[in-house]
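**Q** File name start_26.csv; file contents CSV, C-alpha atoms (C1' of nucleotides); full text below.
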```csv
chain,number,residue,atom,x,y,z
A,1234,MET,CA,76.0,120.4,67.4
A,1235,PRO,CA,75.6,124.2,67.8
A,1236,ALA,CA,78.7,126.2,68.4
A,1237,GLU,CA,79.5,126.9,72.0
A,1238,GLN,CA,78.5,130.5,72.9
A,1239,PRO,CA,80.4,132.5,75.5
A,1240,THR,CA,78.2,132.2,78.6
A,1241,ALA,CA,78.0,134.2,81.7
A,1242,ALA,CA,79.8,131.4,83.4
A,1243,ALA,CA,82.7,131.6,81.1
A,1244,SER,CA,83.3,135.3,81.7
A,1245,GLU,CA,82.9,135.0,85.4
A,1246,LEU,CA,85.1,132.0,86.2
A,1247,GLY,CA,88.4,133.9,86.0
A,1248,ASN,CA,86.9,136.5,88.2
A,1249,ILE,CA,85.9,133.9,90.8
A,1250,TYR,CA,89.3,132.3,90.7
A,1251,GLN,CA,90.9,135.6,91.5
A,1252,ARG,CA,88.6,136.4,94.3
A,1253,LEU,CA,89.1,133.0,95.9
A,1254,TYR,CA,92.9,133.3,95.5
A,1255,GLN,CA,92.9,136.7,97.1
A,1256,THR,CA,90.8,135.5,100.0
A,1257,PHE,CA,92.4,132.2,100.8
A,1258,GLY,CA,95.8,132.3,99.1
A,1259,PRO,CA,97.6,129.3,97.6
A,1260,GLN,CA,96.4,125.9,98.9
A,1261,HIS,CA,99.4,123.9,97.9
A,1262,TRP,CA,97.6,120.7,96.9
A,1263,TRP,CA,98.4,117.8,96.6
A,1264,PRO,CA,99.5,117.1,100.2
A,1265,ALA,CA,101.8,114.2,99.3
A,1266,ARG,CA,105.5,113.8,98.7
A,1267,THR,CA,105.9,111.5,95.7
A,1268,ARG,CA,103.9,110.8,92.6
A,1269,LEU,CA,103.2,107.3,93.7
A,1270,GLU,CA,101.8,108.7,97.0
A,1271,VAL,CA,99.5,111.1,95.0
A,1272,ILE,CA,98.2,108.3,92.9
A,1273,ILE,CA,97.5,106.1,95.9
A,1274,GLY,CA,95.8,109.0,97.7
A,1275,ALA,CA,93.6,109.7,94.7
A,1276,VAL,CA,92.0,106.3,95.0
A,1277,LEU,CA,91.9,106.3,98.8
A,1278,THR,CA,90.2,109.6,99.0
A,1279,GLN,CA,87.2,108.5,96.9
A,1280,ASN,CA,84.2,109.7,98.9
A,1281,THR,CA,86.4,109.9,102.0
A,1282,ALA,CA,87.8,112.6,104.2
A,1283,TRP,CA,91.4,113.3,103.6
A,1284,GLN,CA,92.3,112.9,107.2
A,1285,ASN,CA,91.4,109.2,107.0
A,1286,VAL,CA,93.5,108.8,103.9
A,1287,GLU,CA,96.5,110.2,105.7
A,1288,LYS,CA,96.2,107.4,108.3
A,1289,ALA,CA,96.1,104.8,105.6
A,1290,ILE,CA,99.1,106.2,103.8
A,1291,ALA,CA,101.0,106.5,107.1
A,1292,ASN,CA,100.4,102.7,107.6
A,1293,LEU,CA,101.9,102.0,104.2
A,1294,LYS,CA,104.8,104.3,104.8
A,1295,LYS,CA,105.5,102.8,108.2
A,1296,SER,CA,105.5,99.3,106.8
A,1297,GLY,CA,108.0,100.4,104.1
A,1298,LEU,CA,105.4,99.5,101.4
A,1299,LEU,CA,105.3,102.8,99.4
A,1300,ASN,CA,106.9,101.1,96.5
A,1301,LEU,CA,105.3,99.9,93.3
A,1302,ASN,CA,106.7,96.4,93.2
A,1303,ARG,CA,106.1,95.7,96.9
A,1304,LEU,CA,102.5,96.9,96.8
A,1305,CYS,CA,101.9,94.8,93.7
A,1306,SER,CA,103.1,91.6,95.4
A,1307,LEU,CA,100.8,92.2,98.4
A,1308,PRO,CA,97.8,89.9,98.9
A,1309,PRO,CA,94.5,91.9,98.6
A,1310,HIS,CA,93.4,91.2,102.1
A,1311,GLN,CA,96.7,92.3,103.5
A,1312,LEU,CA,96.6,95.6,101.7
A,1313,ALA,CA,93.0,96.0,102.8
A,1314,ALA,CA,94.1,95.7,106.4
A,1315,LEU,CA,96.7,98.4,106.0
A,1316,ILE,CA,94.4,100.9,104.3
A,1317,ARG,CA,91.5,100.2,106.7
A,1318,PRO,CA,91.2,103.7,108.2
A,1319,ALA,CA,90.4,105.1,104.7
A,1320,GLY,CA,87.1,103.1,104.6
A,1321,TYR,CA,85.8,100.8,101.9
A,1322,TYR,CA,89.0,99.0,102.4
A,1323,ASN,CA,88.2,95.8,100.6
A,1324,LEU,CA,86.9,97.7,97.6
A,1325,LYS,CA,89.8,100.2,97.6
A,1326,SER,CA,92.3,97.4,97.9
A,1327,ARG,CA,91.1,95.8,94.7
A,1328,ARG,CA,91.0,99.2,93.0
A,1329,LEU,CA,94.5,100.1,94.1
A,1330,LEU,CA,95.9,96.8,93.0
A,1331,ALA,CA,94.2,97.1,89.6
A,1332,LEU,CA,95.8,100.5,89.1
A,1333,LEU,CA,99.2,99.6,90.4
A,1334,HIS,CA,99.3,96.5,88.3
A,1335,TRP,CA,98.6,98.6,85.2
A,1336,LEU,CA,101.3,101.0,86.2
A,1337,LYS,CA,103.8,98.2,86.7
A,1338,LYS,CA,102.9,96.4,83.5
A,1339,ASN,CA,103.5,99.7,81.6
A,1340,GLY,CA,106.9,100.3,83.1
A,1341,GLY,CA,106.2,102.5,86.1
A,1342,ILE,CA,105.4,106.1,86.6
A,1343,SER,CA,108.4,107.6,84.7
A,1344,LYS,CA,107.6,105.4,81.7
A,1345,ILE,CA,104.0,106.2,81.5
A,1346,SER,CA,104.8,109.9,81.9
A,1347,THR,CA,106.0,110.0,78.3
A,1348,LEU,CA,102.5,109.2,77.0
A,1349,PRO,CA,100.2,111.9,75.7
A,1350,THR,CA,97.5,113.2,78.1
A,1351,ALA,CA,94.6,111.9,76.0
A,1352,GLN,CA,96.0,108.4,75.9
A,1353,LEU,CA,96.9,108.4,79.6
A,1354,ARG,CA,93.3,109.5,80.4
A,1355,GLU,CA,91.9,106.7,78.4
A,1356,ASN,CA,94.1,104.1,80.0
A,1357,LEU,CA,93.4,105.3,83.5
A,1358,LEU,CA,89.6,105.2,82.8
A,1359,ASN,CA,90.0,101.6,81.7
A,1360,CYS,CA,91.4,100.6,85.1
A,1361,TYR,CA,88.8,99.1,87.5
A,1362,GLY,CA,87.6,101.7,90.0
A,1363,ILE,CA,89.0,104.7,88.2
A,1364,GLY,CA,86.3,107.2,87.1
A,1365,PRO,CA,86.7,110.6,85.6
A,1366,GLU,CA,87.4,112.5,88.8
A,1367,THR,CA,90.1,110.1,90.0
A,1368,ALA,CA,91.7,109.9,86.6
A,1369,ASP,CA,91.9,113.7,86.3
A,1370,SER,CA,93.2,114.0,89.9
A,1371,ILE,CA,96.0,111.7,88.9
A,1372,LEU,CA,96.6,113.5,85.6
A,1373,LEU,CA,96.7,117.0,87.3
A,1374,TYR,CA,98.2,116.3,90.7
A,1375,ALA,CA,100.6,113.4,90.0
A,1376,LEU,CA,101.5,113.9,86.3
A,1377,ASP,CA,101.3,117.7,85.9
A,1378,ARG,CA,98.8,117.5,83.0
A,1379,PRO,CA,96.6,120.6,82.3
A,1380,VAL,CA,93.3,118.9,83.2
A,1381,PHE,CA,90.7,120.5,85.5
A,1382,VAL,CA,89.3,118.2,88.2
A,1383,VAL,CA,85.5,118.5,88.5
A,1384,ASP,CA,84.0,117.3,91.8
A,1385,ALA,CA,80.8,117.6,93.7
A,1386,TYR,CA,81.9,120.9,95.2
A,1387,THR,CA,82.4,122.4,91.7
A,1388,ARG,CA,78.8,121.5,90.8
A,1389,ARG,CA,77.3,122.8,94.0
A,1390,ILE,CA,79.2,126.1,94.0
A,1391,LEU,CA,78.7,126.9,90.3
A,1392,SER,CA,75.0,125.9,90.6
A,1393,ARG,CA,74.6,128.0,93.7
A,1394,TYR,CA,75.8,131.1,91.8
A,1395,GLY,CA,73.6,130.3,88.8
A,1396,LEU,CA,76.5,129.7,86.5
A,1397,ILE,CA,75.4,126.2,85.4
A,1398,THR,CA,72.1,124.4,85.5
A,1399,GLY,CA,73.6,121.4,87.4
A,1400,ASP,CA,72.7,118.7,85.0
A,1401,GLU,CA,75.8,119.0,82.8
A,1402,SER,CA,77.9,116.0,82.2
A,1403,TYR,CA,81.4,115.7,83.8
A,1404,GLU,CA,83.0,116.3,80.4
A,1405,GLN,CA,80.8,119.3,79.7
A,1406,LEU,CA,81.8,120.9,83.0
A,1407,ARG,CA,85.5,120.1,82.6
A,1408,LEU,CA,85.6,121.6,79.1
A,1409,LEU,CA,83.5,124.6,80.2
A,1410,ILE,CA,85.9,125.5,83.0
A,1411,GLU,CA,89.1,124.8,81.0
A,1412,ASN,CA,87.8,127.0,78.1
A,1413,SER,CA,86.6,129.7,80.4
A,1414,LEU,CA,89.9,130.0,82.1
A,1415,ALA,CA,91.9,130.1,78.9
A,1416,PRO,CA,91.7,134.0,78.4
A,1417,PHE,CA,92.7,134.4,82.0
A,1418,LEU,CA,95.7,132.1,81.5
A,1419,SER,CA,97.0,134.0,78.5
A,1420,ASP,CA,96.6,137.4,80.2
A,1421,LYS,CA,98.4,136.4,83.4
A,1422,GLN,CA,101.0,134.2,81.7
A,1423,GLU,CA,100.2,131.5,84.2
A,1424,PRO,CA,100.7,127.8,83.5
A,1425,ALA,CA,97.4,126.0,83.2
A,1426,VAL,CA,98.5,123.2,85.5
A,1427,ARG,CA,99.1,125.7,88.4
A,1428,VAL,CA,95.8,127.5,87.9
A,1429,TYR,CA,93.7,124.3,87.6
A,1430,ASN,CA,95.5,122.9,90.7
A,1431,GLU,CA,94.7,126.0,92.8
A,1432,PHE,CA,91.2,126.6,91.5
A,1433,HIS,CA,90.1,123.1,92.3
A,1434,ALA,CA,91.6,123.3,95.8
A,1435,LEU,CA,90.2,126.7,96.3
A,1436,LEU,CA,86.7,125.6,95.5
A,1437,VAL,CA,87.0,122.8,98.0
A,1438,LYS,CA,88.3,125.3,100.5
A,1439,LEU,CA,85.3,127.6,99.9
A,1440,ALA,CA,82.9,124.8,100.4
A,1441,LYS,CA,84.5,123.7,103.6
A,1442,THR,CA,84.8,127.2,105.0
A,1443,HIS,CA,81.3,128.5,104.2
A,1444,CYS,CA,77.7,127.2,103.9
A,1445,ARG,CA,78.4,124.0,105.9
A,1446,SER,CA,80.4,125.1,108.9
A,1447,LYS,CA,78.6,128.4,109.2
A,1448,PRO,CA,74.7,128.2,109.5
A,1449,SER,CA,74.0,131.5,107.8
A,1450,CYS,CA,76.9,131.4,105.3
A,1451,SER,CA,77.6,135.0,105.9
A,1452,GLY,CA,80.7,136.5,104.3
A,1453,CYS,CA,81.1,134.2,101.3
A,1454,PRO,CA,83.9,135.8,99.2
A,1455,LEU,CA,81.8,135.5,96.1
A,1456,ASP,CA,78.7,137.2,97.4
A,1457,SER,CA,79.4,140.9,97.3
A,1458,ARG,CA,79.3,142.1,93.7
B,220,DG,C1',72.9,108.9,117.5
B,221,DT,C1',73.1,111.1,112.8
B,222,DC,C1',75.4,113.0,109.0
B,223,DC,C1',78.9,113.1,105.6
B,224,DA,C1',83.5,113.1,103.4
B,225,DG,C1',88.4,115.5,97.7
B,226,DG,C1',83.5,108.3,93.9
B,227,DG,C1',82.7,104.3,91.2
B,228,DT,C1',80.4,100.1,90.0
B,229,DT,C1',76.5,97.2,89.8
B,230,DC,C1',71.9,96.3,89.4
B,231,DG,C1',67.0,97.2,89.0
B,232,DT,C1',63.5,100.0,86.3
C,649,DA,C1',69.4,106.3,80.3
C,650,DC,C1',68.5,106.9,85.0
C,651,DG,C1',68.2,106.1,90.1
C,652,DA,C1',69.3,103.3,94.2
C,653,DA,C1',72.1,100.3,96.7
C,654,DC,C1',76.5,99.2,98.0
C,655,DC,C1',81.0,99.8,99.9
C,656,DA,C1',83.1,101.4,105.7
C,657,DT,C1',86.0,104.4,108.7
C,658,DG,C1',86.4,108.5,111.7
C,659,DG,C1',85.3,113.2,112.9
C,660,DA,C1',81.9,116.9,113.8
```
Any chance you could put this one into structure tokens?

**A**
Amino acid sequence: MPAEQPTAAASELGNIYQRLYQTFGPQHWWPARTRLEVIIGAVLTQNTAWQNVEKAIANLKKSGLLNLNRLCSLPPHQLAALIRPAGYYNLKSRRLLALLHWLKKNGGISKISTLPTAQLRENLLNCYGIGPETADSILLYALDRPVFVVDAYTRRILSRYGLITGDESYEQLRLLIENSLAPFLSDKQEPAVRVYNEFHALLVKLAKTHCRSKPSCSGCPLDSR
DNA sequence: GTCCAGGGTTCGT
DNA sequence: ACGAACCATGGA
């Protein structure tokens, strides 16, 4: 393997983060109250608008089921009915139960929180229905681990600005962004968790604000240079 | 009526 | 190794 060279992307990502933050301000993700709620939301929001996820979580809350043991003792078809507004409800019911059973089997959220990040990531990826993005969302937003969450928006936006080719693997992109932000982190004395959290949310914000809702995509915060 | 959202798995080539 | 089909609701 050739050593990684500092690329144009690496030197510009910190800049992009600052521009987005100045334009949109803090996004305050993840919009959930408890760690269990974040974990459930991470599965429910797979390829699904967050608005629909909120309805599903509201159903669980209303039924007093936002509790690891109660959820684990629920028949799959019953959980499916409750999370129906989130779409793919049969599939997501199975995925949620697989994840929640893993959590329960390993002593609950507080217990697994003592594990090192690499081991947590591996365990999460071994759960049915948990891929890299969902695993990293849980690590970053529920367990406060310094892991950047790569999603489709990240690819689109970085490709759009010519910072990546677009055919990089998930891992390549995640490491590129984490390494690129490292100098910025030490300069600003900011915790990585906070910056990864905001940067991911800001990229989603940018994608939703421009280029889709506006036909001409005028006034993108990253355009003037 | 069409498109698509804060993905992942499975099954053909 | 890669692409396509599949899963499904709700809002624009």

**Q** Write out as a list of chain:residue names which residues come within 10 Å of DC223 of chain B when counting all atoms listed in the file, dropping same-chain ones fewer than 4 positions away.

**A**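 Near DC223 of chain B, the qualifying residues are A:Asn1280, A:Thr1281, A:Ala1282, C:DG659, C:DA660.
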
**Q** Pick out the chain A residues within 12 Å of chain B. Count all atoms listed in the file. Give them as a VMD selection string.

**A** chain A and resid 1262 to 1264 1274 to 1286 1319 to 1321 1324 to 1325 1328 1358 1360 to 1368 1370 1382 to 1387 1433 to 1438 1440 to 1441 1445

**Q** Please determine the contact residues of chain C with respect to chain A at a cut-off of 6 Å, counting all atoms listed in the file, and supply them as a PyMOL selection string.

**A** chain C and resi 655-657

**Q** At a cut-off of 10 Å around the point (88.6, 136.7, 86.4) (file coordinates), what residues fall inside when counting only C-alpha atoms (C1' of nucleotides)? I'd like the answer as a PDB file with C-alpha atoms, keeping the file's coordinate frame.

**A**
```
ATOM      1  CA  ALA A1243      82.700 131.600  81.100  1.00  0.00           C
ATOM      2  CA  SER A1244      83.300 135.300  81.700  1.00  0.00           C
ATOM      3  CA  GLU A1245      82.900 135.000  85.400  1.00  0.00           C
ATOM      4  CA  LEU A1246      85.100 132.000  86.200  1.00  0.00           C
ATOM      5  CA  GLY A1247      88.400 133.900  86.000  1.00  0.00           C
ATOM      6  CA  ASN A1248      86.900 136.500  88.200  1.00  0.00           C
ATOM      7  CA  ILE A1249      85.900 133.900  90.800  1.00  0.00           C
ATOM      8  CA  TYR A1250      89.300 132.300  90.700  1.00  0.00           C
ATOM      9  CA  GLN A1251      90.900 135.600  91.500  1.00  0.00           C
ATOM     10  CA  ARG A1252      88.600 136.400  94.300  1.00  0.00           C
ATOM     11  CA  SER A1413      86.600 129.700  80.400  1.00  0.00           C
ATOM     12  CA  LEU A1414      89.900 130.000  82.100  1.00  0.00           C
ATOM     13  CA  PRO A1416      91.700 134.000  78.400  1.00  0.00           C
ATOM     14  CA  PHE A1417      92.700 134.400  82.000  1.00  0.00           C
ATOM     15  CA  LEU A1418      95.700 132.100  81.500  1.00  0.00           C
TER      16      LEU A1418
END
```

**Q** Atom CA of Glu1411 of chain A and atom C1' of DA649 of chain C are how many Å apart?

**A**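 Taking atom CA of Glu1411 of chain A and atom C1' of DA649 of chain C, their separation equals 27.0 Å.
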
**Q** May I ask for the distance between atom CA of Asp1456 of chain A and atom CA of Tyr1429 of chain A, given in Å to one decimal place?

**A** 22.1 Å

**Q** What is the atom CA of His1261 of chain A to atom CA of Glu1431 of chain A distance in Å?

**A**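 Between atom CA of His1261 of chain A and atom CA of Glu1431 of chain A the gap is 7.2 Å.
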